[in-house]
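For reference, the structure is listed below as structure tokens.
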Amino acid sequence: MIPLGHYLILSGLMFVVGVVGVIVRRNSIVVLMCIELMLNAADLALVALSQAAGNLHGQVAAFFVIIVAAAGAAVGLAIIIAFFRTVRSVETSDAGELKG
Amino acid sequence: MNFIILVLEVLLAFGLALGLASFCTWVERKGSALIQNRIGANRAGAFAETNVLLLKPFYFGWRLLGRLGVINTLLCDGLKALFKEDFVPQGASSFLHALAPFLAVVPVFMAFAVLPLAPEFNLFGYHIRPQAASFYDGGVLFLLAMGALSVYGVLLAGWVGNNKFSLLGALRAAAQMFSYELPMGVALGTVILVYGTTDLYQMVESQSGLWGIMKSPMMFVAGLIFFVSGMAQTKRVPFDLPESEAEIVAGYLTEYSGMKFLLFWLAEFAEIALVSLVMVLVFFGGWHPFPFVSLPSGSWQAALAGHFILLSKVVFFCVLQITIRWTLPRFRYDQLMNLSWKGLLEVGFVNLISAAAWKLAA
Amino acid sequence: MTALFWLLAFIVLSSGVAVVSLRSPLNSALALALNLLAVAGLFAMLQAHFLALAQVIVYAGAIVVLVLIALLLLSSKIEQHKRREDYLAVAAIVLGSLFLVVLFPLLQGALPQISANNVQVTAGTVAEIGRLLFTDYVFLFQLAGLLILTALCGAVMLARSRPGQGG
């Protein structure tokens, strides 16, 4: 049996890697991918805790997280595509039109 | 000993996949020739002679295979592809160029792992079920997962070609593949609903009376939707746009030659065999010879007979798919998308709801 | 079993770092697909079988494909290395480690309570999760369906080409 702490540490590390990615990368599609990484880390924590608690409520919660992540990714990519039409670039540093 | 049985089951599934794929290549070559009123390949190996009397029957068999085009398709094409120059386009990553055929082939072959290939039998005290992997929720959902993963090879192959034709072909292929994954998923959802299980072995077991496609009119519609979606997933004509052989050179396969091209081709034919196998297992009774006639269970002779009955039905469906390919013209892209999103998906949903209502009422 | 866990954990972490650090966005997307597949393997180890397959079908098989298609359409260039990024990266890693350092003592307190239960694990099959979804969580399930419908309409509306503008 793998102790619960191992799964939670793995989930925490994955989450931190995702946060670093969101902060550092400038390509907005890669930022979206790092957000998916963070959501996945949350999924892993939920499922690990669900197994430790012995019921399936955590897994149902993880299922809903997957659904919300899918919806978020779809809308995020649509926004990026709409943004690309006017600015012709996906770099976040090119999105400074409202800058004072 | 269980491990050895598992290894044998895996080898059987893998061998069946490869064998059916090779058989489909041959049927494609010779069958297309017959449909198009020409002869096809019949020269390689057709003139072998020997003076040694004992070897004469073998040479006769070899000549027969040569006349049928088997040696040409299986042996000569393979050798030719092995010796061709492997050309990576300029500016493309050779790692990705080598990775794409593998990403196309692996999901298709992995999907053969959850398919039962013969009824259970007892041999020397061991109870053997010829299904390489049966786990919770395996079966049908695993097939959907492998179908979803097979899009990667196509996308990568198109990108790595480094030109517009490949990219266009790849994007069209990917859009087509996941547009038809949805009706396939809905049809398989109907199947799970009617059978009450996701395990393919249980599904075949429960067809000892009525076959799957006869259980209710909803199953008939589901079978039809699954067959059409399966043909679209394998990118066969009439859903042939990704490889439009006359329009965009070879679509996403433009920059591939030699063995890598053959790997893509192998993946496509293995997928034809996969779709046929799943059709037979889920809708057409699997290894039961006729509706209401079932094999005596438990002996290895029955398992062998069941396996051959299964193979003959699968061969029928493979030949059917290849015949459809050489008979129908190609769909236009918007016709293709309309069929999936406005046609099959709606029919699939209505079908699913009626199947649920039918099951509640019955 | 433990060997499998360590292998999957290694794949998860290395592909996660690859997503963040690879220069070409296409390679990042492929690393993300590998990451999601490894996490699906971890789900299967945790007896969440339906969730593992759903992860492969939805996440690795649809979302990453969507991201790949967007990447191929927008033909993203390789990012140029900027000095400012190094400082940002160090700051981000420091902040992340701070988060972990604060989190784990909190976990250490709660862990013995949770893992001491040693309850019988029910496998997360389609039947069991379906039962929960349609009894306890039926309202959330319908809401999730509505959410996906809204996201679908919204995405189509946002991304379609308007008349008079290049598509």
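Labeling convention for the structure tokens: chains A, B, ... as they appear, residues from 1 per chain, ligands from 1 in order of appearance.
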>> Give me, as an NGL selection string, all polymer residues having an atom no more than 9 Å from Trp300 (chain B), counting only C-alpha atoms and skipping those fewer than 2 positions away in the same chain.
In response: :B and (119-123 or 297-298 or 302-305)
Residues just named, written with N, CA and C atoms as a PDB file, in the first residue's frame:
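Output (result27.pdb):
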ATOM      1  N   PRO B 119     -14.504 -18.534 -26.620  1.00  0.00           N
ATOM      2  CA  PRO B 119     -15.144 -18.786 -25.323  1.00  0.00           C
ATOM      3  C   PRO B 119     -14.167 -19.412 -24.333  1.00  0.00           C
ATOM      4  N   GLU B 120     -14.541 -19.378 -23.053  1.00  0.00           N
ATOM      5  CA  GLU B 120     -13.660 -19.911 -22.020  1.00  0.00           C
ATOM      6  C   GLU B 120     -13.571 -21.426 -22.167  1.00  0.00           C
ATOM      7  N   PHE B 121     -12.444 -21.950 -21.735  1.00  0.00           N
ATOM      8  CA  PHE B 121     -12.325 -23.404 -21.744  1.00  0.00           C
ATOM      9  C   PHE B 121     -11.386 -23.837 -20.633  1.00  0.00           C
ATOM     10  N   ASN B 122     -11.431 -25.128 -20.331  1.00  0.00           N
ATOM     11  CA  ASN B 122     -10.566 -25.702 -19.306  1.00  0.00           C
ATOM     12  C   ASN B 122      -9.552 -26.605 -19.966  1.00  0.00           C
ATOM     13  N   LEU B 123      -8.297 -26.394 -19.619  1.00  0.00           N
ATOM     14  CA  LEU B 123      -7.235 -27.197 -20.223  1.00  0.00           C
ATOM     15  C   LEU B 123      -6.277 -27.582 -19.124  1.00  0.00           C
ATOM     16  N   SER B 297     -20.040 -25.439 -23.929  1.00  0.00           N
ATOM     17  CA  SER B 297     -18.981 -24.658 -23.296  1.00  0.00           C
ATOM     18  C   SER B 297     -18.000 -25.560 -22.575  1.00  0.00           C
ATOM     19  N   GLY B 298     -16.802 -25.093 -22.417  1.00  0.00           N
ATOM     20  CA  GLY B 298     -15.847 -25.726 -21.534  1.00  0.00           C
ATOM     21  C   GLY B 298     -14.735 -26.485 -22.213  1.00  0.00           C
ATOM     22  N   ALA B 302     -14.451 -26.680 -28.503  1.00  0.00           N
ATOM     23  CA  ALA B 302     -15.482 -25.657 -28.689  1.00  0.00           C
ATOM     24  C   ALA B 302     -14.852 -24.274 -28.782  1.00  0.00           C
ATOM     25  N   ALA B 303     -13.788 -24.059 -27.979  1.00  0.00           N
ATOM     26  CA  ALA B 303     -13.124 -22.757 -28.029  1.00  0.00           C
ATOM     27  C   ALA B 303     -12.511 -22.521 -29.395  1.00  0.00           C
ATOM     28  N   LEU B 304     -11.876 -23.566 -29.931  1.00  0.00           N
ATOM     29  CA  LEU B 304     -11.260 -23.428 -31.251  1.00  0.00           C
ATOM     30  C   LEU B 304     -12.320 -23.170 -32.312  1.00  0.00           C
ATOM     31  N   ALA B 305     -13.434 -23.927 -32.226  1.00  0.00           N
ATOM     32  CA  ALA B 305     -14.509 -23.730 -33.207  1.00  0.00           C
ATOM     33  C   ALA B 305     -15.082 -22.320 -33.088  1.00  0.00           C
TER      34      ALA B 305
END
>> At a cut-off of 9 Å, using only C-alpha atoms, what residues contact region 100-109 of chain B? Leave out same-chain residues fewer than 6 positions from it and give the result as number ranges by chain.
In response: B: 13-14, 17-18, 143, 145-157, 160, 260-264, 266-268, 270-271, 274
Please produce a file of the residues just selected, as a compact mmCIF listing (two decimals), in the first residue's frame, where the atoms kept are C-alpha atoms.
# COMPACT_ATOMS: atom_id res chain seq x y z
CA ALA B 13 -4.27 -10.92 -29.63
CA PHE B 14 -1.23 -9.30 -31.18
CA ALA B 17 -4.24 -8.02 -35.07
CA LEU B 18 -1.22 -8.34 -37.34
CA LEU B 143 -11.91 1.12 -26.78
CA ALA B 145 -10.00 5.76 -24.85
CA MET B 146 -7.79 4.17 -27.51
CA GLY B 147 -9.87 5.76 -30.24
CA ALA B 148 -9.34 9.11 -28.58
CA LEU B 149 -5.58 8.58 -28.38
CA SER B 150 -5.16 7.65 -32.02
CA VAL B 151 -5.61 11.27 -33.06
CA TYR B 152 -2.10 12.14 -31.86
CA GLY B 153 -0.24 10.25 -34.55
CA VAL B 154 -2.21 12.02 -37.26
CA LEU B 155 -1.68 15.51 -35.85
CA LEU B 156 2.01 14.98 -35.29
CA ALA B 157 2.51 13.49 -38.75
CA VAL B 160 6.24 17.32 -38.95
CA LYS B 260 7.09 4.60 -41.43
CA PHE B 261 4.51 4.90 -44.19
CA LEU B 262 3.84 1.18 -43.86
CA LEU B 263 3.36 1.63 -40.11
CA PHE B 264 0.60 4.19 -40.74
CA LEU B 266 -0.70 -1.04 -40.82
CA ALA B 267 -2.44 1.09 -38.18
CA GLU B 268 -5.25 1.87 -40.58
CA ALA B 270 -5.55 -2.92 -37.94
CA GLU B 271 -8.21 -0.36 -37.10
CA LEU B 274 -10.69 -3.67 -34.79
>> With 6 Å as the limit and counting only C-alpha atoms, what residues in chain A lie close to chain C? Please list them as a list in words.
In response: Val16, Val20, Gly21, Val24, Ala52, Gly54, Ala71, Val75, Ala78 and Ala82 of chain A
Same residues, N, CA and C atoms, saved as a CSV table (one decimal), in the first residue's frame:
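Heads up, here's the output in part10.csv:
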chain,number,residue,atom,x,y,z
A,16,VAL,N,2.8,23.0,-7.8
A,16,VAL,CA,3.8,24.0,-7.8
A,16,VAL,C,4.4,24.2,-9.1
A,20,VAL,N,4.5,27.6,-11.3
A,20,VAL,CA,5.7,28.2,-11.9
A,20,VAL,C,5.5,28.4,-13.4
A,21,GLY,N,4.9,27.4,-14.0
A,21,GLY,CA,4.7,27.6,-15.5
A,21,GLY,C,3.8,28.7,-15.8
A,24,VAL,N,5.9,31.9,-15.4
A,24,VAL,CA,7.1,32.2,-16.2
A,24,VAL,C,6.8,32.2,-17.7
A,52,ALA,N,-8.4,7.1,0.7
A,52,ALA,CA,-8.1,7.0,2.2
A,52,ALA,C,-9.3,7.0,3.0
A,54,GLY,N,-12.2,5.9,2.0
A,54,GLY,CA,-13.0,4.7,1.8
A,54,GLY,C,-14.3,4.9,1.1
A,71,ALA,N,-14.5,22.4,-19.9
A,71,ALA,CA,-15.2,23.7,-20.3
A,71,ALA,C,-14.3,24.9,-20.3
A,75,VAL,N,-13.3,27.3,-23.6
A,75,VAL,CA,-13.6,28.7,-23.7
A,75,VAL,C,-12.2,29.5,-23.7
A,78,ALA,N,-10.9,29.5,-27.1
A,78,ALA,CA,-11.7,30.3,-28.0
A,78,ALA,C,-11.3,31.8,-27.8
A,82,ALA,N,-9.8,34.3,-30.6
A,82,ALA,CA,-10.4,35.6,-30.9
A,82,ALA,C,-9.3,36.7,-30.7
>> I want to know what sits within 12 Å of Met231 (chain B), based on only C-alpha atoms, with residues of the same chain fewer than 6 positions away left out; could you give that as a PyMOL selection string?
In response: chain B and resi 176-177+180-181+183-184+224-225+237-240+268-269+271-276+279+317-318+320-322+324-325
Those residues you just picked out, can you put them in a file as a PDB file, in the first residue's frame with N, CA and C atoms?
ATOM      1  N   GLN B 176     -12.124  15.351 -38.236  1.00  0.00           N
ATOM      2  CA  GLN B 176     -13.019  14.256 -38.603  1.00  0.00           C
ATOM      3  C   GLN B 176     -13.008  13.179 -37.534  1.00  0.00           C
ATOM      4  N   MET B 177     -11.823  12.839 -37.039  1.00  0.00           N
ATOM      5  CA  MET B 177     -11.734  11.736 -36.087  1.00  0.00           C
ATOM      6  C   MET B 177     -12.462  12.052 -34.803  1.00  0.00           C
ATOM      7  N   TYR B 180     -16.337  12.156 -35.149  1.00  0.00           N
ATOM      8  CA  TYR B 180     -17.018  10.885 -35.182  1.00  0.00           C
ATOM      9  C   TYR B 180     -16.805  10.046 -33.945  1.00  0.00           C
ATOM     10  N   GLU B 181     -15.946  10.508 -33.033  1.00  0.00           N
ATOM     11  CA  GLU B 181     -15.824   9.799 -31.760  1.00  0.00           C
ATOM     12  C   GLU B 181     -17.095   9.960 -30.957  1.00  0.00           C
ATOM     13  N   PRO B 183     -20.527  10.288 -31.914  1.00  0.00           N
ATOM     14  CA  PRO B 183     -21.583   9.313 -32.168  1.00  0.00           C
ATOM     15  C   PRO B 183     -21.163   7.902 -31.779  1.00  0.00           C
ATOM     16  N   MET B 184     -19.860   7.598 -31.937  1.00  0.00           N
ATOM     17  CA  MET B 184     -19.407   6.266 -31.535  1.00  0.00           C
ATOM     18  C   MET B 184     -19.583   6.089 -30.040  1.00  0.00           C
ATOM     19  N   LEU B 224     -25.698   0.467 -36.537  1.00  0.00           N
ATOM     20  CA  LEU B 224     -25.478   1.229 -37.764  1.00  0.00           C
ATOM     21  C   LEU B 224     -24.598   2.455 -37.491  1.00  0.00           C
ATOM     22  N   ILE B 225     -24.951   3.179 -36.417  1.00  0.00           N
ATOM     23  CA  ILE B 225     -24.179   4.378 -36.070  1.00  0.00           C
ATOM     24  C   ILE B 225     -22.733   4.001 -35.764  1.00  0.00           C
ATOM     25  N   VAL B 237     -12.599   5.667 -47.090  1.00  0.00           N
ATOM     26  CA  VAL B 237     -13.630   6.177 -47.980  1.00  0.00           C
ATOM     27  C   VAL B 237     -14.937   5.541 -47.570  1.00  0.00           C
ATOM     28  N   PRO B 238     -16.071   6.236 -47.536  1.00  0.00           N
ATOM     29  CA  PRO B 238     -16.234   7.575 -48.068  1.00  0.00           C
ATOM     30  C   PRO B 238     -15.758   8.713 -47.178  1.00  0.00           C
ATOM     31  N   PHE B 239     -15.064   8.424 -46.088  1.00  0.00           N
ATOM     32  CA  PHE B 239     -14.603   9.507 -45.232  1.00  0.00           C
ATOM     33  C   PHE B 239     -13.130   9.721 -45.450  1.00  0.00           C
ATOM     34  N   ASP B 240     -12.739   9.813 -46.661  1.00  0.00           N
ATOM     35  CA  ASP B 240     -11.362   9.629 -47.066  1.00  0.00           C
ATOM     36  C   ASP B 240     -10.610  10.944 -47.156  1.00  0.00           C
ATOM     37  N   GLU B 268      -3.936   1.706 -39.993  1.00  0.00           N
ATOM     38  CA  GLU B 268      -5.253   1.870 -40.583  1.00  0.00           C
ATOM     39  C   GLU B 268      -5.938   0.527 -40.784  1.00  0.00           C
ATOM     40  N   PHE B 269      -5.201  -0.463 -41.297  1.00  0.00           N
ATOM     41  CA  PHE B 269      -5.846  -1.757 -41.531  1.00  0.00           C
ATOM     42  C   PHE B 269      -6.132  -2.495 -40.231  1.00  0.00           C
ATOM     43  N   GLU B 271      -7.009  -0.991 -37.621  1.00  0.00           N
ATOM     44  CA  GLU B 271      -8.211  -0.359 -37.104  1.00  0.00           C
ATOM     45  C   GLU B 271      -9.449  -0.883 -37.815  1.00  0.00           C
ATOM     46  N   ILE B 272      -9.313  -1.189 -39.125  1.00  0.00           N
ATOM     47  CA  ILE B 272     -10.438  -1.821 -39.830  1.00  0.00           C
ATOM     48  C   ILE B 272     -10.780  -3.144 -39.157  1.00  0.00           C
ATOM     49  N   ALA B 273      -9.739  -3.936 -38.862  1.00  0.00           N
ATOM     50  CA  ALA B 273      -9.964  -5.227 -38.202  1.00  0.00           C
ATOM     51  C   ALA B 273     -10.589  -5.006 -36.830  1.00  0.00           C
ATOM     52  N   LEU B 274     -10.150  -3.946 -36.116  1.00  0.00           N
ATOM     53  CA  LEU B 274     -10.685  -3.668 -34.791  1.00  0.00           C
ATOM     54  C   LEU B 274     -12.168  -3.343 -34.864  1.00  0.00           C
ATOM     55  N   VAL B 275     -12.544  -2.466 -35.800  1.00  0.00           N
ATOM     56  CA  VAL B 275     -13.954  -2.083 -35.922  1.00  0.00           C
ATOM     57  C   VAL B 275     -14.800  -3.302 -36.276  1.00  0.00           C
ATOM     58  N   SER B 276     -14.289  -4.141 -37.201  1.00  0.00           N
ATOM     59  CA  SER B 276     -15.033  -5.347 -37.559  1.00  0.00           C
ATOM     60  C   SER B 276     -15.179  -6.274 -36.359  1.00  0.00           C
ATOM     61  N   MET B 279     -17.709  -4.897 -33.927  1.00  0.00           N
ATOM     62  CA  MET B 279     -19.053  -5.069 -34.478  1.00  0.00           C
ATOM     63  C   MET B 279     -19.540  -6.487 -34.249  1.00  0.00           C
ATOM     64  N   PHE B 317     -16.939  -8.784 -42.278  1.00  0.00           N
ATOM     65  CA  PHE B 317     -17.055  -7.335 -42.085  1.00  0.00           C
ATOM     66  C   PHE B 317     -15.873  -6.584 -42.666  1.00  0.00           C
ATOM     67  N   CYS B 318     -14.684  -7.170 -42.617  1.00  0.00           N
ATOM     68  CA  CYS B 318     -13.529  -6.511 -43.235  1.00  0.00           C
ATOM     69  C   CYS B 318     -13.733  -6.369 -44.726  1.00  0.00           C
ATOM     70  N   LEU B 320     -16.522  -6.337 -46.233  1.00  0.00           N
ATOM     71  CA  LEU B 320     -17.599  -5.362 -46.441  1.00  0.00           C
ATOM     72  C   LEU B 320     -17.050  -3.941 -46.428  1.00  0.00           C
ATOM     73  N   GLN B 321     -16.183  -3.648 -45.450  1.00  0.00           N
ATOM     74  CA  GLN B 321     -15.630  -2.292 -45.375  1.00  0.00           C
ATOM     75  C   GLN B 321     -14.787  -1.984 -46.596  1.00  0.00           C
ATOM     76  N   ILE B 322     -14.000  -2.962 -47.050  1.00  0.00           N
ATOM     77  CA  ILE B 322     -13.144  -2.706 -48.207  1.00  0.00           C
ATOM     78  C   ILE B 322     -13.989  -2.539 -49.461  1.00  0.00           C
ATOM     79  N   ILE B 324     -17.031  -1.321 -49.543  1.00  0.00           N
ATOM     80  CA  ILE B 324     -17.632   0.010 -49.468  1.00  0.00           C
ATOM     81  C   ILE B 324     -16.620   1.050 -49.911  1.00  0.00           C
ATOM     82  N   ARG B 325     -15.340   0.836 -49.526  1.00  0.00           N
ATOM     83  CA  ARG B 325     -14.338   1.801 -49.894  1.00  0.00           C
ATOM     84  C   ARG B 325     -14.198   1.930 -51.401  1.00  0.00           C
TER      85      ARG B 325
END
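Here CA of Ser208 (chain B) is placed at a distance of 23.9 Å from CA of Asn351 (chain B).
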Using only C-alpha atoms, tabulate the residues of chain C lying at most 6 Å from any atom of chain B, each with its closest atom pair and that distance in Å to one decimal, by chain and increasing residue number, as JSON lines.
{"residue": "C:Val56", "atom": "CA", "partner": "B:Ala145", "partner_atom": "CA", "distance": 5.8}
{"residue": "C:Ile57", "atom": "CA", "partner": "B:Ala145", "partner_atom": "CA", "distance": 4.7}
{"residue": "C:Gly61", "atom": "CA", "partner": "B:Ala148", "partner_atom": "CA", "distance": 4.6}
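The spacing separating CA of Ala53 (chain A) from CA of Gly18 (chain A) amounts to 26.7 Å.
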Find the residues around Ala95 (chain A) up to 10 Å (only C-alpha atoms counted), leave out those fewer than 5 positions away in its own chain, and share them as a short mmCIF file (atom, residue, chain, number, x, y, z; two decimals) with N, CA and C atoms, in the first residue's frame.
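Generated output (around.cif):
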data_model
loop_
_atom_site.label_atom_id
_atom_site.label_comp_id
_atom_site.auth_asym_id
_atom_site.auth_seq_id
_atom_site.Cartn_x
_atom_site.Cartn_y
_atom_site.Cartn_z
N PHE A 83 -8.47 36.55 -29.71
CA PHE A 83 -7.42 37.51 -29.46
C PHE A 83 -6.40 37.50 -30.59
N PHE A 84 -6.09 36.30 -31.09
CA PHE A 84 -5.11 36.15 -32.15
C PHE A 84 -5.54 36.88 -33.41
N VAL A 87 -4.55 40.69 -32.88
CA VAL A 87 -3.17 41.03 -32.56
C VAL A 87 -2.17 40.19 -33.32
N SER A 89 -0.81 37.42 -32.56
CA SER A 89 0.24 36.81 -31.75
C SER A 89 -0.39 36.21 -30.51
N VAL A 90 0.24 35.19 -29.93
CA VAL A 90 -0.32 34.60 -28.71
C VAL A 90 0.52 34.90 -27.49
#
> Among region 178-346 of chain B, which residues carry a DSSP assignment of alpha helix (DSSP H), reported as a PyMOL selection string?
Replying inline: chain B and resi 178-195+200-205+217-233+259-283+300-325+333-338+345-346
